[in-house]
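Engineer: Here you go, query_1.tsv (TSV, C-alpha atoms):
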chain	number	residue	atom	x	y	z
A	1079	VAL	CA	-57.98	56.08	-13.31
A	1080	SER	CA	-55.93	57.67	-10.50
A	1081	VAL	CA	-53.30	58.77	-13.01
A	1082	ILE	CA	-55.87	60.44	-15.25
A	1083	PHE	CA	-57.78	62.17	-12.46
A	1084	SER	CA	-54.94	63.22	-10.18
A	1085	GLY	CA	-52.35	63.80	-12.86
A	1086	ILE	CA	-54.44	65.53	-15.52
A	1087	MET	CA	-58.09	66.29	-14.87
A	1088	VAL	CA	-57.89	68.12	-11.54
A	1089	GLY	CA	-55.57	70.71	-13.05
A	1090	LEU	CA	-57.87	71.45	-15.95
A	1091	GLY	CA	-60.22	73.29	-13.57
A	1092	LEU	CA	-57.46	75.82	-12.86
A	1093	PHE	CA	-56.82	76.15	-16.59
A	1094	GLY	CA	-60.50	77.10	-16.99
A	1095	VAL	CA	-60.40	79.60	-14.11
A	1096	LEU	CA	-57.39	81.39	-15.62
A	1097	LYS	CA	-58.97	81.43	-19.08
A	1098	LEU	CA	-62.20	82.97	-17.72
A	1099	SER	CA	-60.31	85.49	-15.58
A	1100	ALA	CA	-58.08	86.68	-18.41
A	1101	GLN	CA	-60.54	86.58	-21.30
A	1102	VAL	CA	-63.92	87.36	-19.72
A	1103	PHE	CA	-63.47	89.28	-16.46
A	1104	ALA	CA	-60.23	91.17	-17.12
A	1105	GLY	CA	-62.17	94.45	-17.37
A	1106	ASP	CA	-64.13	93.97	-14.14
A	1107	ALA	CA	-62.14	95.52	-11.29
A	1108	GLN	CA	-64.26	93.86	-8.58
A	1109	VAL	CA	-63.83	90.36	-9.95
A	1110	MET	CA	-60.13	90.86	-10.64
A	1111	ALA	CA	-59.57	92.13	-7.10
A	1112	LEU	CA	-61.16	88.92	-5.84
A	1113	VAL	CA	-59.00	86.85	-8.19
A	1114	HIS	CA	-55.74	88.57	-7.23
A	1115	GLY	CA	-56.46	88.63	-3.51
A	1116	GLY	CA	-58.94	85.88	-2.69
A	1117	LEU	CA	-57.67	83.17	-5.02
A	1118	PHE	CA	-54.08	83.88	-4.03
A	1119	ALA	CA	-54.92	83.50	-0.33
A	1120	LEU	CA	-56.85	80.31	-1.09
A	1121	GLY	CA	-53.89	78.99	-3.04
A	1122	ILE	CA	-51.48	79.58	-0.15
A	1123	ALA	CA	-53.89	77.98	2.35
A	1124	THR	CA	-54.54	75.01	0.07
A	1125	ALA	CA	-50.85	74.39	-0.59
A	1126	LEU	CA	-49.95	74.46	3.09
A	1127	THR	CA	-52.94	72.44	4.31
A	1128	GLY	CA	-52.54	69.81	1.59
A	1129	GLY	CA	-48.81	69.51	2.34
A	1130	LEU	CA	-49.40	69.03	6.06
A	1131	MET	CA	-52.10	66.43	5.45
A	1132	ALA	CA	-49.87	64.56	2.97
A	1133	TRP	CA	-47.12	64.47	5.61
A	1134	ALA	CA	-49.58	62.94	8.11
A	1135	GLN	CA	-50.65	59.98	5.92
A	1136	ARG	CA	-49.50	56.35	5.87
A	1137	HIS	CA	-51.82	55.10	3.09
A	1138	LEU	CA	-49.91	55.89	-0.09
A	1139	LYS	CA	-52.92	56.73	-2.25
A	1140	ARG	CA	-54.29	59.12	0.40
A	1141	LEU	CA	-50.80	60.62	0.73
A	1142	LEU	CA	-50.62	61.20	-3.03
A	1143	ALA	CA	-54.16	62.60	-3.12
A	1144	PHE	CA	-53.36	65.20	-0.45
A	1145	SER	CA	-50.11	65.94	-2.29
A	1146	THR	CA	-52.15	66.71	-5.39
A	1147	ILE	CA	-54.29	69.13	-3.36
A	1148	SER	CA	-51.14	70.87	-2.13
A	1149	HIS	CA	-49.69	71.26	-5.61
A	1150	LEU	CA	-53.05	72.50	-6.91
A	1151	GLY	CA	-52.75	75.25	-4.31
A	1152	ILE	CA	-49.34	76.16	-5.71
A	1153	MET	CA	-50.81	76.28	-9.20
A	1154	LEU	CA	-53.74	78.38	-7.94
A	1155	THR	CA	-51.32	81.14	-6.94
A	1156	ALA	CA	-50.15	81.20	-10.57
A	1157	VAL	CA	-53.78	81.53	-11.68
A	1158	ALA	CA	-54.33	84.41	-9.24
A	1159	ALA	CA	-51.48	86.38	-10.80
A	1160	VAL	CA	-53.29	86.49	-14.21
A	1161	SER	CA	-49.98	87.35	-15.84
A	1162	ALA	CA	-47.81	85.99	-18.62
A	1163	THR	CA	-45.32	84.65	-16.09
A	1164	GLY	CA	-48.03	82.97	-14.02
A	1165	ALA	CA	-49.75	81.46	-17.08
A	1166	THR	CA	-46.48	80.00	-18.36
A	1167	GLY	CA	-45.70	78.62	-14.91
A	1168	LEU	CA	-49.15	77.06	-14.69
A	1169	LEU	CA	-48.87	75.28	-18.05
A	1170	LEU	CA	-45.40	73.94	-17.29
A	1171	TYR	CA	-46.45	72.87	-13.80
A	1172	LEU	CA	-49.50	71.04	-15.16
A	1173	ILE	CA	-47.21	68.97	-17.37
A	1174	GLY	CA	-44.43	68.34	-14.84
A	1175	HIS	CA	-46.70	67.57	-11.92
A	1176	GLY	CA	-48.92	65.35	-14.06
A	1177	LEU	CA	-45.97	63.24	-15.16
A	1178	VAL	CA	-44.49	62.86	-11.66
A	1179	LYS	CA	-47.81	62.22	-9.92
A	1180	GLY	CA	-48.86	59.75	-12.61
A	1181	ALA	CA	-45.64	57.79	-12.07
A	1182	LEU	CA	-46.22	57.76	-8.31
A	1183	PHE	CA	-49.75	56.42	-8.61
A	1184	MET	CA	-48.45	53.68	-10.91
A	1185	ILE	CA	-45.78	52.84	-8.32
A	1186	ALA	CA	-48.54	52.53	-5.72
A	1187	GLY	CA	-50.26	50.13	-8.11
A	1188	ILE	CA	-47.08	48.06	-8.43
A	1189	LEU	CA	-46.81	47.77	-4.64
A	1190	LEU	CA	-50.47	46.78	-4.41
A	1191	ALA	CA	-50.02	44.11	-7.07
A	1192	ARG	CA	-46.74	42.75	-5.70
A	1193	ARG	CA	-47.11	43.22	-1.94
A	1194	ASN	CA	-50.92	43.44	-1.47
A	1195	SER	CA	-50.73	46.73	0.40
A	1196	VAL	CA	-50.19	50.46	-0.01
A	1197	ASP	CA	-49.68	51.12	3.70
A	1198	GLU	CA	-46.28	52.70	4.35
A	1199	LEU	CA	-45.90	51.11	7.80
A	1200	ALA	CA	-47.23	47.69	6.83
A	1201	LEU	CA	-44.84	47.61	3.85
A	1202	TYR	CA	-41.74	48.31	5.95
A	1203	ARG	CA	-38.72	46.64	4.23
A	1204	LYS	CA	-41.02	44.55	2.02
A	1205	GLY	CA	-39.91	46.30	-1.16
A	1206	ARG	CA	-36.19	45.56	-0.93
A	1207	THR	CA	-36.36	43.07	-3.81
A	1208	LEU	CA	-38.24	45.65	-5.91
A	1209	TRP	CA	-35.34	48.11	-5.86
A	1210	PRO	CA	-35.96	49.49	-9.41
A	1211	VAL	CA	-39.39	50.62	-8.19
A	1212	GLY	CA	-37.67	52.18	-5.17
A	1213	VAL	CA	-35.31	54.12	-7.44
A	1214	ALA	CA	-38.27	55.45	-9.45
A	1215	MET	CA	-40.18	56.44	-6.29
A	1216	THR	CA	-37.10	58.17	-4.87
A	1217	ILE	CA	-36.60	60.21	-8.06
A	1218	ALA	CA	-40.29	61.16	-8.09
A	1219	GLY	CA	-40.14	62.25	-4.44
A	1220	LEU	CA	-37.07	64.39	-5.12
A	1221	LEU	CA	-38.82	66.05	-8.08
A	1222	LEU	CA	-41.87	66.83	-5.93
A	1223	GLY	CA	-39.62	68.22	-3.23
A	1224	GLY	CA	-37.72	70.66	-5.44
A	1225	LEU	CA	-34.95	68.82	-7.29
A	1226	PRO	CA	-33.59	71.51	-9.67
A	1227	ALA	CA	-34.26	69.65	-12.92
A	1228	GLY	CA	-37.02	69.42	-15.48
A	1229	SER	CA	-40.37	71.09	-15.99
A	1230	MET	CA	-41.52	71.23	-12.33
A	1231	TYR	CA	-38.40	73.12	-11.33
A	1232	ALA	CA	-38.70	75.58	-14.22
A	1233	ALA	CA	-42.40	76.06	-13.51
A	1234	SER	CA	-41.77	76.64	-9.80
A	1235	ASP	CA	-39.33	79.43	-10.65
A	1236	LEU	CA	-41.96	81.13	-12.81
A	1237	ILE	CA	-44.71	80.74	-10.18
A	1238	HIS	CA	-42.45	82.14	-7.46
A	1239	ALA	CA	-41.62	85.09	-9.72
A	1240	SER	CA	-45.33	85.77	-10.26
A	1241	ALA	CA	-45.89	85.85	-6.47
A	1242	HIS	CA	-43.55	88.87	-6.01
A	1243	SER	CA	-42.93	87.98	-2.35
A	1244	ALA	CA	-40.04	86.14	-0.73
A	1245	ALA	CA	-42.17	85.15	2.29
A	1246	LEU	CA	-44.92	83.65	0.15
A	1247	MET	CA	-42.31	81.92	-2.00
A	1248	PHE	CA	-40.98	80.26	1.16
A	1249	VAL	CA	-44.49	79.06	2.10
A	1250	LEU	CA	-44.97	77.51	-1.35
A	1251	THR	CA	-41.52	75.89	-1.16
A	1252	PHE	CA	-42.28	74.51	2.31
A	1253	ALA	CA	-45.58	73.03	1.12
A	1254	ALA	CA	-43.89	71.30	-1.83
A	1255	SER	CA	-41.11	70.06	0.46
A	1256	LEU	CA	-43.67	68.47	2.79
A	1257	THR	CA	-45.12	66.43	-0.08
A	1258	GLY	CA	-41.71	65.41	-1.41
A	1259	ALA	CA	-40.45	64.46	2.06
A	1260	ALA	CA	-43.59	62.38	2.71
A	1261	VAL	CA	-43.02	60.40	-0.50
A	1262	LEU	CA	-39.31	59.97	0.27
A	1263	ARG	CA	-40.10	58.86	3.84
A	1264	ALA	CA	-42.35	56.12	2.47
A	1265	ALA	CA	-39.75	55.09	-0.12
A	1266	CYS	CA	-36.99	54.90	2.49
A	1267	ARG	CA	-39.07	52.72	4.77
A	1268	ILE	CA	-40.49	50.45	2.09
A	1269	PHE	CA	-37.49	49.95	-0.20
A	1270	TRP	CA	-34.37	50.95	1.70
A	1271	GLY	CA	-35.14	49.68	5.22
A	1272	CYS	CA	-34.90	53.06	6.98
A	1273	SER	CA	-37.24	53.53	9.89
A	1274	GLY	CA	-37.43	55.95	12.78
A	1275	ALA	CA	-40.38	55.84	15.14
A	1276	PRO	CA	-43.62	56.72	13.31
A	1277	GLY	CA	-44.95	60.19	14.04
A	1278	VAL	CA	-48.35	61.63	13.22
A	1279	GLU	CA	-48.73	59.18	10.32
A	1280	VAL	CA	-49.25	56.26	12.69
A	1281	MET	CA	-52.72	57.62	13.57
A	1282	ALA	CA	-53.78	58.16	9.95
A	1283	PRO	CA	-56.60	56.09	8.44
A	1284	THR	CA	-55.66	53.11	6.34
A	1285	GLU	CA	-57.24	50.02	4.79
A	1286	ARG	CA	-56.22	46.67	3.36
A	1287	GLU	CA	-56.39	46.24	-0.41
A	1288	TYR	CA	-55.69	43.38	-2.79
A	1289	GLU	CA	-54.91	43.06	-6.47
A	1290	LYS	CA	-53.87	40.19	-8.70
A	1291	ALA	CA	-50.14	40.05	-9.41
A	1292	ASP	CA	-50.61	38.92	-13.00
A	1293	ARG	CA	-48.33	41.42	-14.81
A	1294	PRO	CA	-44.54	41.35	-15.11
A	1295	LEU	CA	-42.68	43.98	-13.12
A	1296	TRP	CA	-40.89	45.47	-16.13
A	1297	LEU	CA	-44.20	46.06	-17.92
A	1298	MET	CA	-45.66	47.90	-14.92
A	1299	LEU	CA	-42.47	49.90	-14.34
A	1300	LEU	CA	-41.91	50.95	-17.96
A	1301	PRO	CA	-44.53	53.76	-18.08
A	1302	CYS	CA	-43.27	55.07	-14.73
A	1303	ALA	CA	-39.73	55.30	-16.09
A	1304	LEU	CA	-40.91	56.97	-19.30
A	1305	MET	CA	-42.93	59.62	-17.45
A	1306	LEU	CA	-40.08	60.42	-15.08
A	1307	ALA	CA	-37.63	60.61	-17.99
A	1308	ILE	CA	-39.87	63.17	-19.73
A	1309	ALA	CA	-40.34	65.08	-16.46
A	1310	VAL	CA	-36.57	65.68	-16.03
A	1311	LEU	CA	-35.95	66.79	-19.64
A	1312	PRO	CA	-34.80	70.43	-20.02
A	1313	VAL	CA	-37.58	72.81	-21.02
A	1314	ASP	CA	-35.57	74.45	-23.80
A	1315	ALA	CA	-37.12	72.32	-26.54
A	1316	ALA	CA	-40.67	73.09	-25.42
A	1317	ALA	CA	-40.06	76.77	-24.59
A	1318	PRO	CA	-41.28	78.29	-27.90
A	1319	PHE	CA	-44.47	76.23	-27.90
A	1320	MET	CA	-45.20	76.89	-24.21
A	1321	GLY	CA	-44.53	80.61	-24.61
A	1322	ARG	CA	-47.00	80.80	-27.49
A	1323	ALA	CA	-49.57	78.72	-25.59
A	1324	ALA	CA	-49.34	80.96	-22.51
A	1325	ALA	CA	-49.81	84.10	-24.63
A	1326	LEU	CA	-52.88	82.61	-26.34
A	1327	LEU	CA	-54.31	81.56	-22.99
A	1328	LEU	CA	-54.33	85.18	-21.85
A	1329	HIS	CA	-55.16	86.83	-25.20
A	1330	PRO	CA	-56.66	84.45	-27.78
A	1331	HIS	CA	-56.24	86.91	-30.67
A	1332	GLY	CA	-52.80	88.16	-29.73
A	1333	SER	CA	-49.52	87.35	-31.42
A	1334	ALA	CA	-47.09	87.74	-28.54
A	1335	VAL	CA	-44.84	84.95	-27.30
A	1336	VAL	CA	-43.90	84.68	-23.64
A	1337	ALA	CA	-40.15	84.13	-23.19
A	1338	ILE	CA	-39.14	81.16	-21.03
A	1339	ALA	CA	-35.65	81.33	-19.62
A	1340	SER	CA	-33.38	78.34	-19.97
A	1341	ASP	CA	-32.88	76.15	-16.93
A	1342	HIS	CA	-30.24	77.72	-14.71
A	1343	VAL	CA	-29.09	76.15	-11.47
A	1344	THR	CA	-27.61	78.25	-8.68
A	1345	VAL	CA	-26.91	77.63	-5.01
A	1346	GLY	CA	-30.36	79.03	-4.18
A	1347	SER	CA	-31.93	76.46	-6.49
A	1348	PHE	CA	-31.17	73.77	-3.93
A	1349	PHE	CA	-33.05	75.44	-1.08
A	1350	GLY	CA	-36.26	73.49	-1.67
A	1351	LEU	CA	-34.39	70.22	-2.00
A	1352	ALA	CA	-32.41	70.91	1.18
A	1353	LEU	CA	-35.64	71.64	3.07
A	1354	THR	CA	-37.13	68.39	1.76
A	1355	LEU	CA	-34.12	66.37	2.90
A	1356	ALA	CA	-34.18	68.10	6.31
A	1357	LEU	CA	-37.83	67.09	6.80
A	1358	LEU	CA	-36.96	63.55	5.69
A	1359	ALA	CA	-34.10	63.37	8.19
A	1360	PHE	CA	-36.44	64.61	10.93
A	1361	ALA	CA	-38.85	61.75	10.18
A	1362	LEU	CA	-36.26	58.99	9.87
A	1363	MET	CA	-34.20	60.02	12.90
A	1364	ARG	CA	-37.21	60.21	15.19
A	1365	GLU	CA	-37.09	58.10	18.36
A	1366	ARG	CA	-39.93	56.80	20.48
A	1367	PRO	CA	-40.82	59.33	23.21
A	1368	THR	CA	-40.04	57.59	26.49
A	1369	ARG	CA	-39.59	60.56	28.83
A	1370	ARG	CA	-42.51	62.60	30.11
A	1371	PHE	CA	-41.55	65.81	28.29
A	1372	ALA	CA	-41.02	63.92	25.02
A	1373	ARG	CA	-44.43	62.28	25.33
A	1374	ARG	CA	-46.09	65.64	25.92
A	1375	ALA	CA	-44.27	67.13	22.92
A	1376	ALA	CA	-45.41	64.21	20.75
A	1377	ARG	CA	-49.02	64.72	21.84
A	1378	ALA	CA	-48.76	68.45	21.12
A	1379	GLU	CA	-47.40	67.68	17.65
A	1380	VAL	CA	-50.50	65.64	16.86
A	1381	LEU	CA	-52.99	68.38	17.82
A	1382	PRO	CA	-52.87	70.49	14.61
A	1383	PHE	CA	-53.16	67.38	12.44
A	1384	ASN	CA	-56.17	66.19	14.44
A	1385	ALA	CA	-57.74	69.61	13.94
A	1386	LEU	CA	-57.18	69.40	10.17
A	1387	GLN	CA	-58.56	65.86	10.11
A	1388	PHE	CA	-61.64	67.08	12.00
A	1389	LEU	CA	-62.20	69.88	9.51
A	1390	HIS	CA	-61.71	67.69	6.43
A	1391	SER	CA	-61.54	63.92	6.65
A	1392	GLY	CA	-61.15	63.39	2.91
A	1393	LEU	CA	-64.58	61.73	2.66
A	1394	VAL	CA	-66.95	62.87	-0.07
A	1395	THR	CA	-69.40	64.41	2.41
A	1396	ASP	CA	-66.73	66.84	3.59
A	1397	TYR	CA	-65.96	67.82	0.00
A	1398	VAL	CA	-69.63	68.64	-0.58
A	1399	ALA	CA	-69.86	70.62	2.67
A	1400	TRP	CA	-66.74	72.69	1.95
A	1401	MET	CA	-67.83	73.32	-1.65
A	1402	ALA	CA	-71.04	74.83	-0.24
A	1403	VAL	CA	-69.07	76.91	2.26
A	1404	GLY	CA	-66.67	78.12	-0.43
A	1405	PHE	CA	-69.49	79.06	-2.78
A	1406	ALA	CA	-71.20	81.00	0.03
A	1407	VAL	CA	-67.98	82.87	0.83
A	1408	LEU	CA	-67.49	83.82	-2.84
A	1409	VAL	CA	-71.09	85.10	-3.01
A	1410	VAL	CA	-70.56	87.22	0.10
A	1411	LEU	CA	-67.29	88.67	-1.24
A	1412	LEU	CA	-68.85	89.49	-4.61
A	1413	GLY	CA	-71.91	90.98	-2.90
How does this structure look as structure tokens?

Structural biologist:
Amino acid sequence: VSVIFSGIMVGLGLFGVLKLSAQVFAGDAQVMALVHGGLFALGIATALTGGLMAWAQRHLKRLLAFSTISHLGIMLTAVAAVSATGATGLLLYLIGHGLVKGALFMIAGILLARRNSVDELALYRKGRTLWPVGVAMTIAGLLLGGLPAGSMYAASDLIHASAHSAALMFVLTFAASLTGAAVLRAACRIFWGCSGAPGVEVMAPTEREYEKADRPLWLMLLPCALMLAIAVLPVDAAAPFMGRAAALLLHPHGSAVVAIASDHVTVGSFFGLALTLALLAFALMRERPTRRFARRAARAEVLPFNALQFLHSGLVTDYVAWMAVGFAVLVVLLG
């Protein structure tokens, strides 16, 4: 259920928004101004907030859920562009992110079945005998964080190009790096025995869960491996189909085909991955604050995360409240 909802269904809403924007409201200057400006700002805010909240989690399913929110924000910026480049980036990102996030939720299920927990801190070093699962989780975290391979990397390039701003591209890269580093931090602690004093994640909500361990490991790991293998495939084979699909998404009666460049890796392609690994090193090299200044700095670090937690706890009541607020804001802007 988590794979279907987080990996597939949440992104379909953005698909619908882009379809309506391009095919119904393209001639309405007021609506399109709101799409280009308002939705783009919401996308940036969502990507950054979701990334920060993912970084601050210890419960793996909550971490992955906030990661999904962050990557939806990245995709929302592609929707706001209402362009051929943005549409192609959105479709590719939907596929790549769905595959990687689906594999990660299945890995969380394996840990729950085998170790009766999905708490990053409680599972410290308890996954060492499940090293194939650790390899899969590490690859998935690297893909989330900007590994220059596969459909997510190609889609990110297209989305960054549709943003037309180096500063905004950096914000989107930073948000993705936060989610990738959070997943890698958990993998390093659970499977590879790395530690570092816990930071803001130690205060995050968690809960104990149980599941019957009645399935062989290889059977649970097989779909994870298949999804990750598809996620790292070059996009060349799918380029003609995706280009045609993106053109039809914008103009259902058109005959154009959007060109998708072949994967090309340069030194700049590793910027996102380097940022992810830097955040990971920061987490794993952390020491317990024993001096007065260090303790004050640690408390100051927690403040913005407490503020975010206060604004949105992740409970369904907060979702309802913020949906009402968002609807009211849209009405005011359109009025």

Engineer: Show which residues sit within 9 Å of Leu1150 (chain A), as a PDB file with C-alpha atoms, in the coordinates of the input. Count all atoms listed in the file, and ignore same-chain residues fewer than 4 positions away.

Structural biologist:
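Once written, selection.pdb looks like this:
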ATOM      1  CA  VAL A1088     -57.890  68.120 -11.540  1.00  0.00           C
ATOM      2  CA  GLY A1089     -55.570  70.710 -13.050  1.00  0.00           C
ATOM      3  CA  LEU A1092     -57.460  75.820 -12.860  1.00  0.00           C
ATOM      4  CA  GLY A1121     -53.890  78.990  -3.040  1.00  0.00           C
ATOM      5  CA  THR A1124     -54.540  75.010   0.070  1.00  0.00           C
ATOM      6  CA  ALA A1125     -50.850  74.390  -0.590  1.00  0.00           C
ATOM      7  CA  GLY A1128     -52.540  69.810   1.590  1.00  0.00           C
ATOM      8  CA  SER A1145     -50.110  65.940  -2.290  1.00  0.00           C
ATOM      9  CA  THR A1146     -52.150  66.710  -5.390  1.00  0.00           C
ATOM     10  CA  LEU A1154     -53.740  78.380  -7.940  1.00  0.00           C
ATOM     11  CA  THR A1155     -51.320  81.140  -6.940  1.00  0.00           C
TER      12      THR A1155
END

Engineer: Closest to Thr1207 (chain A) among A:Leu1381, A:Cys1302, A:Val1081, A:Ile1268, using all atoms listed in the file?

Structural biologist: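 Smallest separation from Thr1207 (chain A) among the options: A:Ile1268.
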
Engineer: Which residues of region 1198-1296 of chain A have any atom within 8 Å of an atom in region 1136-1141 of chain A when counting all atoms listed in the file, and what is the closest pair of atoms for each, with the distance in Å to one decimal? Order the rows by chain and rising number and write it as a tab-separated table.

Structural biologist:
residue	atom	partner	partner_atom	distance
A:Glu1198	CA	A:Arg1136	CA	5.1
A:Leu1199	CA	A:Arg1136	CA	6.6
A:Ala1260	CA	A:Leu1141	CA	7.7
A:Val1261	CA	A:Leu1141	CA	7.9
A:Ala1264	CA	A:Arg1136	CA	7.9
A:Glu1279	CA	A:Arg1136	CA	5.3
A:Val1280	CA	A:Arg1136	CA	6.8
A:Ala1282	CA	A:Arg1136	CA	6.2
A:Pro1283	CA	A:His1137	CA	7.2
A:Thr1284	CA	A:His1137	CA	5.4
A:Glu1285	CA	A:His1137	CA	7.6

Engineer: Around (-38.8, 52.6, 2.3) in the file's own coordinates, what residues are found within 12 Å if you use all atoms listed in the file, given back as a PyMOL selection string?

Structural biologist: chain A and resi 1136+1138+1189+1196-1209+1211-1213+1215-1216+1219+1259-1274+1358+1362

Engineer: Nearest residue to Met1305 (chain A) out of A:Ala1214, A:Gln1101, A:Ser1148, A:Thr1368, using all atoms listed in the file?

Structural biologist: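 Closest to Met1305 (chain A) of all the choices is A:Ala1214.
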